[in-house]
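Listing of my_file_32.cif; format and content: mmCIF, C-alpha atoms.
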data_entry
#
loop_
_atom_site.label_atom_id
_atom_site.label_comp_id
_atom_site.auth_asym_id
_atom_site.auth_seq_id
_atom_site.Cartn_x
_atom_site.Cartn_y
_atom_site.Cartn_z
CA MET A 1291 -4.70 10.95 7.82
CA GLN A 1292 -1.54 12.59 6.51
CA PHE A 1293 1.53 13.29 8.61
CA PRO A 1294 0.43 16.09 10.99
CA ASN A 1295 1.80 19.61 10.86
CA LEU A 1296 5.29 19.38 12.33
CA ARG A 1297 4.88 22.67 14.17
CA HIS A 1298 1.69 21.38 15.78
CA LEU A 1299 3.59 18.35 17.05
CA ARG A 1300 6.28 20.57 18.53
CA VAL A 1301 3.65 22.79 20.14
CA PHE A 1302 1.96 19.75 21.68
CA ALA A 1303 5.25 18.39 23.03
CA GLU A 1304 6.26 21.72 24.57
CA VAL A 1305 2.87 22.28 26.23
CA ALA A 1306 2.92 18.70 27.56
CA GLN A 1307 6.36 19.28 29.05
CA SER A 1308 5.70 22.68 30.58
CA GLY A 1309 2.03 22.16 31.48
CA SER A 1310 1.29 25.67 30.32
CA ILE A 1311 0.61 27.32 26.98
CA SER A 1312 2.16 30.60 28.10
CA GLN A 1313 5.44 28.96 29.11
CA ALA A 1314 5.59 26.83 25.98
CA ALA A 1315 4.90 29.84 23.72
CA THR A 1316 8.31 31.34 24.50
CA LYS A 1317 10.04 28.18 23.25
CA VAL A 1318 8.27 27.79 19.91
CA PHE A 1319 7.98 31.53 19.21
CA LEU A 1320 4.23 31.56 18.70
CA SER A 1321 1.52 33.63 20.29
CA GLN A 1322 -0.70 31.99 22.89
CA PRO A 1323 -3.77 32.13 20.59
CA ALA A 1324 -1.75 30.44 17.83
CA MET A 1325 -0.61 27.78 20.30
CA THR A 1326 -4.18 27.15 21.42
CA GLN A 1327 -5.34 26.91 17.81
CA ALA A 1328 -2.55 24.46 16.95
CA ILE A 1329 -3.56 22.10 19.74
CA LEU A 1330 -7.23 22.31 18.80
CA LYS A 1331 -6.42 21.46 15.18
CA LEU A 1332 -4.31 18.50 16.27
CA GLU A 1333 -7.07 17.22 18.55
CA GLY A 1334 -9.54 17.60 15.69
CA GLN A 1335 -7.32 15.60 13.34
CA LEU A 1336 -6.89 12.84 15.90
CA ASP A 1337 -10.46 12.96 17.17
CA ALA A 1338 -8.97 12.91 20.67
CA VAL A 1339 -8.82 15.12 23.74
CA LEU A 1340 -5.12 15.43 24.56
CA PHE A 1341 -5.27 17.82 27.53
CA ASP A 1342 -7.39 18.27 30.62
CA ARG A 1343 -7.62 22.06 30.72
CA GLN A 1344 -7.75 23.47 34.23
CA SER A 1345 -7.13 26.90 35.72
CA SER A 1346 -3.85 25.61 37.18
CA GLY A 1347 -2.53 24.38 33.83
CA MET A 1348 -2.73 21.86 30.98
CA TYR A 1349 -2.61 18.22 32.04
CA LEU A 1350 -2.29 15.27 29.70
CA THR A 1351 -5.23 12.92 29.39
CA ARG A 1352 -4.69 9.18 28.91
CA GLU A 1353 -4.89 9.75 25.16
CA GLY A 1354 -2.46 12.63 25.50
CA GLU A 1355 0.07 10.40 27.25
CA ILE A 1356 -0.21 7.80 24.47
CA TRP A 1357 0.28 10.46 21.82
CA LEU A 1358 3.17 12.15 23.61
CA ALA A 1359 5.21 8.94 23.72
CA ARG A 1360 4.99 8.61 19.93
CA VAL A 1361 5.53 12.31 19.24
CA LYS A 1362 8.73 12.27 21.31
CA ARG A 1363 10.02 9.31 19.30
CA CYS A 1364 9.00 10.99 16.06
CA LEU A 1365 10.84 14.22 16.86
CA SER A 1366 13.86 12.26 18.12
CA TRP A 1367 14.15 10.42 14.79
CA LEU A 1368 13.99 13.69 12.88
CA GLN A 1369 16.58 15.37 15.09
CA LEU A 1370 18.85 12.33 14.77
CA GLY A 1371 18.59 12.52 10.98
CA LEU A 1372 19.35 16.24 10.99
CA THR A 1373 22.35 15.62 13.26
CA GLU A 1374 23.67 12.83 11.04
CA ILE A 1375 23.68 14.95 7.89
CA GLN A 1376 25.89 17.61 9.45
CA GLY A 1377 29.53 17.39 8.46
CA ALA A 1378 31.58 15.12 10.71
CA GLN A 1379 33.70 18.09 11.76
CA THR A 1380 30.76 20.42 12.33
CA SER A 1381 30.78 21.77 15.87
CA GLY A 1382 27.54 21.92 17.80
CA ARG A 1383 25.87 19.39 15.50
CA GLN A 1384 22.99 18.64 17.87
CA VAL A 1385 22.33 22.30 18.61
CA LYS A 1386 22.26 23.08 14.90
CA ALA A 1387 19.98 20.11 14.24
CA ALA A 1388 17.57 21.29 16.96
CA GLN A 1389 17.43 24.71 15.30
CA GLN A 1390 16.82 23.19 11.88
CA LEU A 1391 13.99 21.11 13.27
CA THR A 1392 12.12 24.35 14.00
CA GLN A 1393 12.59 25.55 10.42
CA ILE A 1394 11.41 22.58 8.35
CA SER A 1395 7.84 21.54 7.62
CA SER A 1396 5.88 18.35 7.10
CA THR A 1397 5.29 19.41 3.48
CA GLN A 1398 9.03 19.59 2.89
CA LEU A 1399 9.59 16.18 4.47
CA ARG A 1400 6.88 14.61 2.31
CA ALA A 1401 8.55 16.12 -0.75
CA LEU A 1402 11.95 14.79 0.34
CA MET A 1403 10.67 11.24 0.87
CA ALA A 1404 8.72 11.14 -2.37
CA VAL A 1405 11.53 12.45 -4.58
CA THR A 1406 14.17 10.27 -2.88
CA ASP A 1407 12.03 7.17 -3.39
CA ARG A 1408 11.14 7.95 -6.99
CA GLN A 1409 14.35 9.68 -8.10
CA ASN A 1410 12.03 11.66 -10.35
CA PHE A 1411 10.10 14.89 -9.70
CA THR A 1412 7.32 14.04 -12.17
CA LEU A 1413 6.51 10.69 -10.58
CA ALA A 1414 6.90 12.10 -7.06
CA SER A 1415 4.48 14.96 -7.78
CA ARG A 1416 1.91 12.44 -9.05
CA ASP A 1417 2.30 10.34 -5.91
CA LEU A 1418 1.71 13.38 -3.71
CA GLY A 1419 -1.07 14.83 -5.88
CA ILE A 1420 0.61 18.23 -6.22
CA SER A 1421 2.12 20.19 -9.09
CA GLN A 1422 5.77 19.80 -10.03
CA SER A 1423 6.35 23.49 -9.34
CA SER A 1424 5.08 23.06 -5.77
CA LEU A 1425 7.26 20.01 -5.30
CA HIS A 1426 10.33 21.80 -6.65
CA ARG A 1427 9.64 24.74 -4.34
CA SER A 1428 9.35 22.49 -1.27
CA ALA A 1429 12.61 20.73 -2.16
CA ARG A 1430 14.46 24.00 -2.73
CA ASP A 1431 13.11 25.49 0.51
CA LEU A 1432 14.29 22.43 2.42
CA GLU A 1433 17.76 22.63 0.87
CA SER A 1434 17.90 26.31 1.78
CA SER A 1435 16.88 25.65 5.40
CA LEU A 1436 19.45 22.87 5.77
CA GLY A 1437 22.20 24.47 3.73
CA ILE A 1438 22.79 21.09 2.08
CA SER A 1439 22.32 19.83 -1.47
CA LEU A 1440 19.73 17.06 -1.48
CA PHE A 1441 19.40 16.19 -5.17
CA GLU A 1442 21.88 16.09 -8.05
CA LYS A 1443 21.23 16.06 -11.78
CA THR A 1444 22.38 12.95 -13.64
CA SER A 1445 22.30 11.82 -17.25
CA THR A 1446 19.08 9.93 -16.56
CA GLY A 1447 17.35 12.46 -14.30
CA ILE A 1448 18.16 13.15 -10.67
CA SER A 1449 19.83 11.32 -7.83
CA ALA A 1450 19.36 11.75 -4.08
CA THR A 1451 22.54 12.73 -2.26
CA ARG A 1452 23.76 10.83 0.78
CA PRO A 1453 22.27 13.43 3.21
CA ALA A 1454 18.92 13.11 1.40
CA ARG A 1455 18.94 9.33 1.77
CA ILE A 1456 19.88 9.52 5.46
CA LEU A 1457 17.23 12.11 6.27
CA THR A 1458 14.60 10.24 4.25
CA GLN A 1459 15.25 7.05 6.20
CA ARG A 1460 14.93 8.87 9.53
CA ALA A 1461 11.84 10.74 8.34
CA LYS A 1462 10.17 7.43 7.43
CA LEU A 1463 10.88 6.13 10.92
CA ALA A 1464 9.33 9.33 12.30
CA VAL A 1465 6.22 8.89 10.13
CA ALA A 1466 5.93 5.28 11.30
CA GLU A 1467 5.86 6.46 14.92
CA ILE A 1468 2.97 8.80 14.16
CA SER A 1469 1.10 6.03 12.36
CA GLN A 1470 1.56 3.71 15.33
CA GLY A 1471 0.46 6.47 17.67
CA MET A 1472 -2.81 6.88 15.77
CA GLU A 1473 -3.38 3.13 15.93
CA GLU A 1474 -2.79 3.19 19.68
CA LEU A 1475 -5.32 5.99 20.08
CA SER A 1476 -7.90 3.94 18.17
CA ALA A 1477 -7.17 0.89 20.32
CA ALA A 1478 -7.57 3.00 23.48
CA ARG A 1479 -11.11 3.81 22.31
CA ASN A 1480 -11.76 0.10 21.64
CA ARG A 1481 -11.75 0.73 17.89
CA GLU A 1482 -8.89 -1.36 16.60
CA ARG A 1483 -7.77 -0.05 13.25
CA GLY A 1484 -4.53 -0.07 11.41
CA ARG A 1485 -2.22 -2.19 9.36
CA LEU A 1486 0.56 -4.62 10.26
CA ARG A 1487 3.08 -4.91 7.42
CA ILE A 1488 4.92 -8.22 7.34
CA GLY A 1489 7.79 -9.22 5.09
CA SER A 1490 7.34 -12.89 4.21
CA MET A 1491 10.22 -15.18 3.24
CA PRO A 1492 9.81 -18.74 1.88
CA LEU A 1493 10.59 -20.72 5.03
CA ALA A 1494 7.69 -19.13 6.91
CA ARG A 1495 4.99 -19.04 4.23
CA THR A 1496 3.74 -22.62 4.14
CA SER A 1497 2.78 -23.36 7.73
CA LEU A 1498 3.97 -21.14 10.56
CA LEU A 1499 2.94 -17.74 9.19
CA PRO A 1500 -0.46 -18.84 7.81
CA MET A 1501 -1.31 -20.40 11.19
CA ALA A 1502 -0.44 -17.16 13.02
CA ILE A 1503 -2.33 -15.03 10.49
CA ASN A 1504 -5.53 -17.06 10.85
CA ARG A 1505 -5.46 -16.92 14.65
CA PHE A 1506 -4.65 -13.22 14.76
CA THR A 1507 -7.28 -12.09 12.24
CA GLU A 1508 -9.94 -14.15 14.00
CA ALA A 1509 -9.22 -12.29 17.24
CA HIS A 1510 -8.65 -8.88 15.60
CA PRO A 1511 -10.91 -8.57 12.55
CA GLY A 1512 -10.48 -4.78 12.36
CA LEU A 1513 -6.76 -4.98 11.60
CA THR A 1514 -5.36 -5.37 8.11
CA LEU A 1515 -2.35 -7.62 7.61
CA GLU A 1516 -0.27 -6.66 4.59
CA LEU A 1517 2.04 -9.47 3.44
CA ILE A 1518 4.94 -8.51 1.21
CA ASP A 1519 6.96 -11.19 -0.58
CA GLY A 1520 10.33 -10.50 -2.11
CA PRO A 1521 14.06 -11.18 -2.08
CA TYR A 1522 15.70 -10.96 1.33
CA GLU A 1523 17.74 -7.88 0.41
CA ASP A 1524 14.64 -5.96 -0.72
CA LEU A 1525 12.66 -6.90 2.39
CA LEU A 1526 15.56 -5.87 4.63
CA GLY A 1527 15.72 -2.47 2.93
CA HIS A 1528 11.99 -2.00 3.47
CA LEU A 1529 12.35 -2.95 7.14
CA LEU A 1530 15.17 -0.46 7.71
CA ASN A 1531 13.07 2.26 6.05
CA ALA A 1532 10.00 1.47 8.20
CA ASP A 1533 8.03 0.26 5.17
CA LEU A 1534 7.72 -3.07 7.03
CA ASP A 1535 7.14 -3.77 10.72
CA ILE A 1536 8.72 -7.24 10.83
CA ILE A 1537 10.16 -9.89 8.50
CA VAL A 1538 9.36 -13.55 9.12
CA GLY A 1539 11.60 -16.25 7.67
CA ALA A 1540 15.13 -17.62 7.76
CA LEU A 1541 17.46 -15.68 10.05
CA ARG A 1542 20.98 -14.70 9.08
CA SER A 1543 24.18 -15.26 11.02
CA PRO A 1544 25.50 -12.79 11.87
CA PRO A 1545 22.55 -10.36 11.82
CA PRO A 1546 22.62 -8.11 8.74
CA ALA A 1547 22.99 -4.85 10.68
CA GLU A 1548 23.48 -3.61 14.21
CA SER A 1549 20.07 -1.94 14.04
CA ILE A 1550 18.32 -5.28 13.33
CA LEU A 1551 17.15 -7.58 16.13
CA GLN A 1552 16.56 -11.26 15.27
CA ARG A 1553 14.41 -13.62 17.33
CA GLU A 1554 14.40 -17.34 16.67
CA LEU A 1555 11.08 -19.20 16.59
CA ILE A 1556 12.01 -22.69 15.39
CA ALA A 1557 15.14 -24.40 14.07
CA PRO A 1558 14.15 -27.47 12.02
CA PRO A 1559 16.80 -29.47 10.13
CA LEU A 1560 16.93 -29.46 6.36
CA ALA A 1561 15.71 -32.49 4.44
CA ILE A 1562 16.27 -33.95 1.00
CA ILE A 1563 12.93 -34.25 -0.76
CA GLY A 1564 11.78 -35.77 -4.03
CA ARG A 1565 8.55 -37.09 -5.51
CA ALA A 1566 6.79 -39.85 -3.54
CA ASP A 1567 7.95 -42.64 -5.87
CA HIS A 1568 11.49 -41.36 -6.26
CA PRO A 1569 14.09 -44.14 -6.73
CA LEU A 1570 15.81 -43.09 -3.47
CA ARG A 1571 12.65 -43.00 -1.39
CA LEU A 1572 13.22 -46.47 0.13
CA ALA A 1573 16.96 -46.78 -0.50
CA THR A 1574 19.47 -47.62 2.23
CA GLY A 1575 23.09 -46.69 2.68
CA ILE A 1576 22.75 -43.62 0.48
CA THR A 1577 26.05 -41.85 -0.25
CA ILE A 1578 26.83 -38.30 -1.33
CA GLU A 1579 27.96 -39.69 -4.69
CA ARG A 1580 24.59 -41.40 -5.21
CA LEU A 1581 22.74 -38.19 -4.34
CA ALA A 1582 24.95 -36.20 -6.70
CA SER A 1583 24.07 -38.51 -9.58
CA PHE A 1584 20.51 -37.13 -9.58
CA PRO A 1585 19.50 -33.67 -10.89
CA TRP A 1586 18.55 -31.03 -8.30
CA VAL A 1587 16.41 -27.94 -7.76
CA VAL A 1588 18.29 -25.48 -5.53
CA PRO A 1589 17.95 -21.92 -4.21
CA ARG A 1590 20.05 -19.19 -5.78
CA GLU A 1591 23.59 -18.45 -4.65
CA GLY A 1592 23.93 -16.38 -1.50
CA THR A 1593 21.02 -17.92 0.39
CA PRO A 1594 21.74 -19.93 3.56
CA THR A 1595 20.22 -23.14 2.15
CA ARG A 1596 22.36 -22.87 -0.98
CA GLU A 1597 25.43 -22.51 1.24
CA PHE A 1598 24.48 -25.77 3.00
CA PHE A 1599 24.02 -27.43 -0.39
CA ASN A 1600 27.40 -26.20 -1.65
CA GLN A 1601 29.12 -27.50 1.49
CA LEU A 1602 27.36 -30.88 1.28
CA PHE A 1603 28.28 -31.41 -2.38
CA ALA A 1604 31.58 -29.55 -2.47
CA GLU A 1605 33.46 -32.34 -4.28
CA PRO A 1606 30.78 -33.27 -6.87
CA LEU A 1607 30.23 -29.58 -7.63
CA ALA A 1608 33.96 -29.09 -8.13
CA GLN A 1609 33.80 -31.78 -10.82
CA GLU A 1610 31.04 -29.76 -12.58
CA GLY A 1611 28.97 -32.87 -13.11
CA MET A 1612 25.71 -31.97 -11.33
CA SER A 1613 22.54 -30.87 -13.12
CA LEU A 1614 21.05 -27.87 -11.25
CA VAL A 1615 17.95 -25.74 -11.64
CA GLU A 1616 18.09 -22.54 -9.55
CA THR A 1617 14.89 -20.96 -8.28
CA THR A 1618 13.45 -19.34 -5.15
CA SER A 1619 9.87 -20.17 -6.19
CA HIS A 1620 8.14 -22.68 -3.93
CA ILE A 1621 5.53 -23.46 -6.61
CA LEU A 1622 8.11 -24.01 -9.34
CA THR A 1623 10.22 -26.22 -7.06
CA ARG A 1624 7.22 -28.38 -6.22
CA GLU A 1625 6.13 -28.79 -9.85
CA VAL A 1626 9.64 -29.64 -11.05
CA LEU A 1627 9.98 -32.26 -8.31
CA LEU A 1628 6.62 -33.82 -9.16
CA GLY A 1629 7.50 -34.09 -12.84
CA SER A 1630 11.05 -35.43 -12.61
CA GLU A 1631 13.58 -37.34 -10.56
CA ARG A 1632 15.08 -34.10 -9.28
CA LEU A 1633 15.73 -33.62 -5.58
CA THR A 1634 15.77 -30.49 -3.46
CA LEU A 1635 17.23 -29.43 -0.11
CA VAL A 1636 14.70 -27.56 2.01
CA SER A 1637 13.32 -27.28 5.50
CA ARG A 1638 10.74 -30.10 5.60
CA HIS A 1639 7.87 -27.94 6.80
CA GLN A 1640 8.22 -25.85 3.65
CA LEU A 1641 6.73 -28.77 1.67
CA GLU A 1642 4.75 -30.34 4.52
CA HIS A 1643 1.41 -30.13 2.71
CA GLU A 1644 2.74 -32.02 -0.32
CA ILE A 1645 4.35 -34.65 1.95
CA GLN A 1646 1.13 -35.16 3.91
CA ALA A 1647 -0.78 -35.45 0.62
CA GLY A 1648 1.53 -38.23 -0.55
CA GLN A 1649 2.91 -36.22 -3.48
CA LEU A 1650 6.44 -35.75 -2.15
CA ALA A 1651 8.58 -37.70 0.30
CA VAL A 1652 11.72 -37.28 2.39
CA VAL A 1653 14.79 -39.18 1.20
CA PRO A 1654 16.31 -41.15 4.14
CA TYR A 1655 19.57 -39.24 4.49
CA ALA A 1656 20.37 -37.67 7.89
CA LEU A 1657 20.93 -33.90 7.90
CA SER A 1658 20.54 -33.15 11.60
CA HIS A 1659 23.60 -30.89 11.46
CA THR A 1660 21.86 -28.53 9.04
CA ARG A 1661 19.32 -26.88 11.30
CA ARG A 1662 17.86 -23.66 9.89
CA SER A 1663 17.03 -20.87 12.29
CA ILE A 1664 13.59 -19.48 11.42
CA GLY A 1665 12.17 -16.47 13.21
CA PHE A 1666 11.41 -12.81 12.78
CA MET A 1667 13.44 -9.64 12.38
CA GLN A 1668 12.57 -6.19 13.62
CA ARG A 1669 14.30 -2.85 13.97
CA ARG A 1670 16.07 -2.78 17.31
CA ASP A 1671 14.51 0.59 18.18
CA TRP A 1672 11.01 -0.45 17.07
CA LYS A 1673 8.38 -0.06 19.77
CA ALA A 1674 5.48 -2.34 18.92
CA THR A 1675 1.94 -1.24 19.62
CA ARG A 1676 -0.10 -3.45 21.91
CA THR A 1677 -1.84 -4.99 18.91
CA GLN A 1678 1.41 -5.56 17.04
CA GLN A 1679 2.79 -7.27 20.13
CA LYS A 1680 -0.26 -9.53 20.20
CA PHE A 1681 0.61 -10.75 16.71
CA ILE A 1682 4.18 -11.48 17.80
CA ASP A 1683 2.84 -13.37 20.84
CA ILE A 1684 0.58 -15.47 18.59
CA LEU A 1685 3.47 -16.11 16.20
CA GLN A 1686 5.61 -17.36 19.08
CA SER A 1687 2.75 -19.53 20.36
CA CYS A 1688 2.32 -21.13 16.93
CA ALA A 1689 6.05 -21.75 16.76
CA ALA A 1690 5.99 -23.51 20.13
CA GLU A 1691 3.20 -25.80 18.88
CA TYR A 1692 5.06 -26.52 15.67
CA ALA A 1693 8.23 -27.40 17.58
CA ASP A 1694 6.27 -30.02 19.55
CA ILE A 1695 5.01 -31.77 16.39
#
Rewrite the structure from the file as structure tokens, please.
Amino acid sequence: MQFPNLRHLRVFAEVAQSGSISQAATKVFLSQPAMTQAILKLEGQLDAVLFDRQSSGMYLTREGEIWLARVKRCLSWLQLGLTEIQGAQTSGRQVKAAQQLTQISSTQLRALMAVTDRQNFTLASRDLGISQSSLHRSARDLESSLGISLFEKTSTGISATRPARILTQRAKLAVAEISQGMEELSAARNRERGRLRIGSMPLARTSLLPMAINRFTEAHPGLTLELIDGPYEDLLGHLLNADLDIIVGALRSPPPAESILQRELIAPPLAIIGRADHPLRLATGITIERLASFPWVVPREGTPTREFFNQLFAEPLAQEGMSLVETTSHILTREVLLGSERLTLVSRHQLEHEIQAGQLAVVPYALSHTRRSIGFMQRRDWKATRTQQKFIDILQSCAAEYADI
């Protein structure tokens, strides 16, 4: 289902608040028959009965209450975005934003998001399945309603202005609320459907996250889990734009943004690991100098583990005498270790399977001071559905078991 008609959402919210179509009609400037038709269309799209219609008024059903909570959050995100793109000195910013909210359409918002993401009208029109002329018209109409330039021509095409990027981000959060609302309606009818989108970072992929995924999908076979791998910066951007629900992996200190909430699951120490028959496997009295004499596989600069590595080998690195291979690939790291005398610095559970299989081994060098905080990140204002919360509960349960190992 596409993002519902924005006017229909406003009609629903006003009728829910006033309990009467006639009273709500004066606020959205529609006739009572048009209001009635808007609600019927919305109920048809959702396959839900939102109101108990009685002679004394319109009363929300259980499904209506679920939907209203998400619609309010959706409209709040849009109004916040419209407020934020007003000039800092603009008086009555919220009042103006509320007026603008009545003038824009879902079609215009879809056009805004598509063009901002693609930075290209041709590609955006293909994504939306509409003609370029229709897309241009929607974009121009939105600019006219807002009185703000949203796109600028560049030497390579077009570029979204700062107001366009701000409003797009808020619009995506609004769309996410509607998507979650539809999932909650399905769950209320005992028909679990939907998709949980998880950003996956290396420190969670090899044991903790797979364990949680298997347990969750066994209990909720109707839900689709979409796992997205990628660099931390890319995953964070997707999270902020509501393209992801949570990110699981190494936490950052301090948190990357005020709007991001981090929750720790486990905090295992780092370990130095090499192949099972590595010369240092059974050594005693190992020194930093001895470790530095071997070649290493390390994460790229800027990652927390690389920072630990740089601190541990500050003096040898300053002498520029260490042989390093930089990679964030778990598979490549494993294969390089197996085929050489290289060492790596990782959280042990990241290579637990290879250690248990007797392929790799931990070098006896204490690193208890290098604990890595592993957990999940979410948007601070994110309101998980009941099913999404179940996944988080399972993730935390798996983490508790892992911590006891």
Contact residues around A:Gln1679 with only C-alpha atoms at 12 Å, ignoring same-chain residues under 4 positions, as a list in words: Glu1474, Leu1486, Phe1506, Asp1535, Ile1536, Gln1668, Trp1672, Lys1673, Ala1674, Thr1675, Asp1683, Ile1684, Leu1685 and Gln1686 of chain A
Distance query stretch 1336-1349 of chain A at most 10 Å, only C-alpha atoms, self and fewer than 5 positions along chain excluded, as a PDB file with C-alpha atoms, in the frame of the given file:
ATOM      1  CA  MET A1291      -4.700  10.950   7.820  1.00  0.00           C
ATOM      2  CA  PRO A1294       0.430  16.090  10.990  1.00  0.00           C
ATOM      3  CA  PHE A1302       1.960  19.750  21.680  1.00  0.00           C
ATOM      4  CA  VAL A1305       2.870  22.280  26.230  1.00  0.00           C
ATOM      5  CA  ALA A1306       2.920  18.700  27.560  1.00  0.00           C
ATOM      6  CA  GLN A1307       6.360  19.280  29.050  1.00  0.00           C
ATOM      7  CA  SER A1308       5.700  22.680  30.580  1.00  0.00           C
ATOM      8  CA  GLY A1309       2.030  22.160  31.480  1.00  0.00           C
ATOM      9  CA  SER A1310       1.290  25.670  30.320  1.00  0.00           C
ATOM     10  CA  ILE A1311       0.610  27.320  26.980  1.00  0.00           C
ATOM     11  CA  SER A1312       2.160  30.600  28.100  1.00  0.00           C
ATOM     12  CA  ILE A1329      -3.560  22.100  19.740  1.00  0.00           C
ATOM     13  CA  LEU A1330      -7.230  22.310  18.800  1.00  0.00           C
ATOM     14  CA  LYS A1331      -6.420  21.460  15.180  1.00  0.00           C
ATOM     15  CA  GLY A1354      -2.460  12.630  25.500  1.00  0.00           C
ATOM     16  CA  GLU A1355       0.070  10.400  27.250  1.00  0.00           C
ATOM     17  CA  ILE A1356      -0.210   7.800  24.470  1.00  0.00           C
ATOM     18  CA  TRP A1357       0.280  10.460  21.820  1.00  0.00           C
ATOM     19  CA  LEU A1358       3.170  12.150  23.610  1.00  0.00           C
ATOM     20  CA  GLY A1471       0.460   6.470  17.670  1.00  0.00           C
ATOM     21  CA  MET A1472      -2.810   6.880  15.770  1.00  0.00           C
ATOM     22  CA  LEU A1475      -5.320   5.990  20.080  1.00  0.00           C
ATOM     23  CA  SER A1476      -7.900   3.940  18.170  1.00  0.00           C
ATOM     24  CA  ARG A1479     -11.110   3.810  22.310  1.00  0.00           C
TER      25      ARG A1479
END
One decimal, in Å: what's the spacing between atom CA of A:Thr1577 and atom CA of A:Leu1541?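 Here the two named atoms are 29.4 Å from each other.
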Work out where the centre of an axis-aligned box around every listed atom of stretch 1531-1550 of chain A lies and how long its edges are once 3 Å is added on each side; give both in Å to one decimal as AutoDock Vina command-line options.
--center_x 16.3 --center_y -7.7 --center_z 9.7 --size_x 24.4 --size_y 25.9 --size_z 15.0
Could you give me, as a PyMOL selection string, the residues that sit within 12 Å of (4.8, -25.3, 19.1) in the file's coordinates, counting all atoms listed in the file? chain A and resi 1497-1498+1501-1502+1555-1558+1684-1695
Using the chain letters and residue numbers of this document, give as a list of chain:residue names the residues selected by the PyMOL selection byres ((chain A and resi 1293) around 9). A:Met1291, A:Gln1292, A:Pro1294, A:Asn1295, A:Leu1296, A:Ser1396, A:Thr1397, A:Arg1400, A:Val1465, A:Ile1468, A:Ser1469
Name every residue that the PyMOL selection byres ((chain A and resi 1652) around 10) selects in this structure, writing the answer as a PyMOL selection string with chains first and numbers rising. chain A and resi 1561-1566+1568+1570-1572+1633-1635+1638+1641+1645+1650-1651+1653-1655
For A:Ala1532, which residue among A:Leu1517, A:Ala1401, A:Leu1463, A:Leu1418 is the nearest when counting all atoms listed in the file?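 Answer, going by the shortest atom-to-atom distance: A:Leu1463.
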Atomic separation - atom CA of A:Gln1649 relative to atom CA of A:Ile1576, Å: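 These atoms are spaced 21.5 Å apart.
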Tell me which residues the PyMOL selection byres ((chain A and resi 1484) around 8) grabs here, as JSON, numbers by chain. {"A": [1473, 1482, 1483, 1485, 1486, 1512, 1513, 1514]}
Counting only C-alpha atoms, the option among A:Glu1644, A:Arg1460, A:Gly1334, A:Lys1362 closest to A:Val1301: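 Looking at the shortest contact to A:Val1301, the residue is A:Lys1362.
One distance worth recording is that between atom CA of A:Gln1335 and atom CA of A:Glu1353, which is 13.4 Å.
Here the question is which of A:Gly1539, A:Pro1511, A:Gly1527, A:Gly1489 gets nearest to A:Gln1640 using all atoms listed in the file, and that residue is A:Gly1539.
The nearest approach to A:Glu1304 among the residues A:Gly1419, A:Ala1509, A:Thr1316, A:Arg1363, with all atoms listed in the file taken into account, belongs to A:Thr1316.
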Neighbours of point (19.4, -31.7, 12.5) within 9 Å, using all atoms listed in the file, written as a VMD selection string: chain A and resid 1557 to 1561 1656 to 1662
Under the rule that only C-alpha atoms are counted, which of A:Phe1666, A:Phe1599, A:Phe1681, A:Phe1411 is the nearest residue to A:Glu1442? A:Phe1411
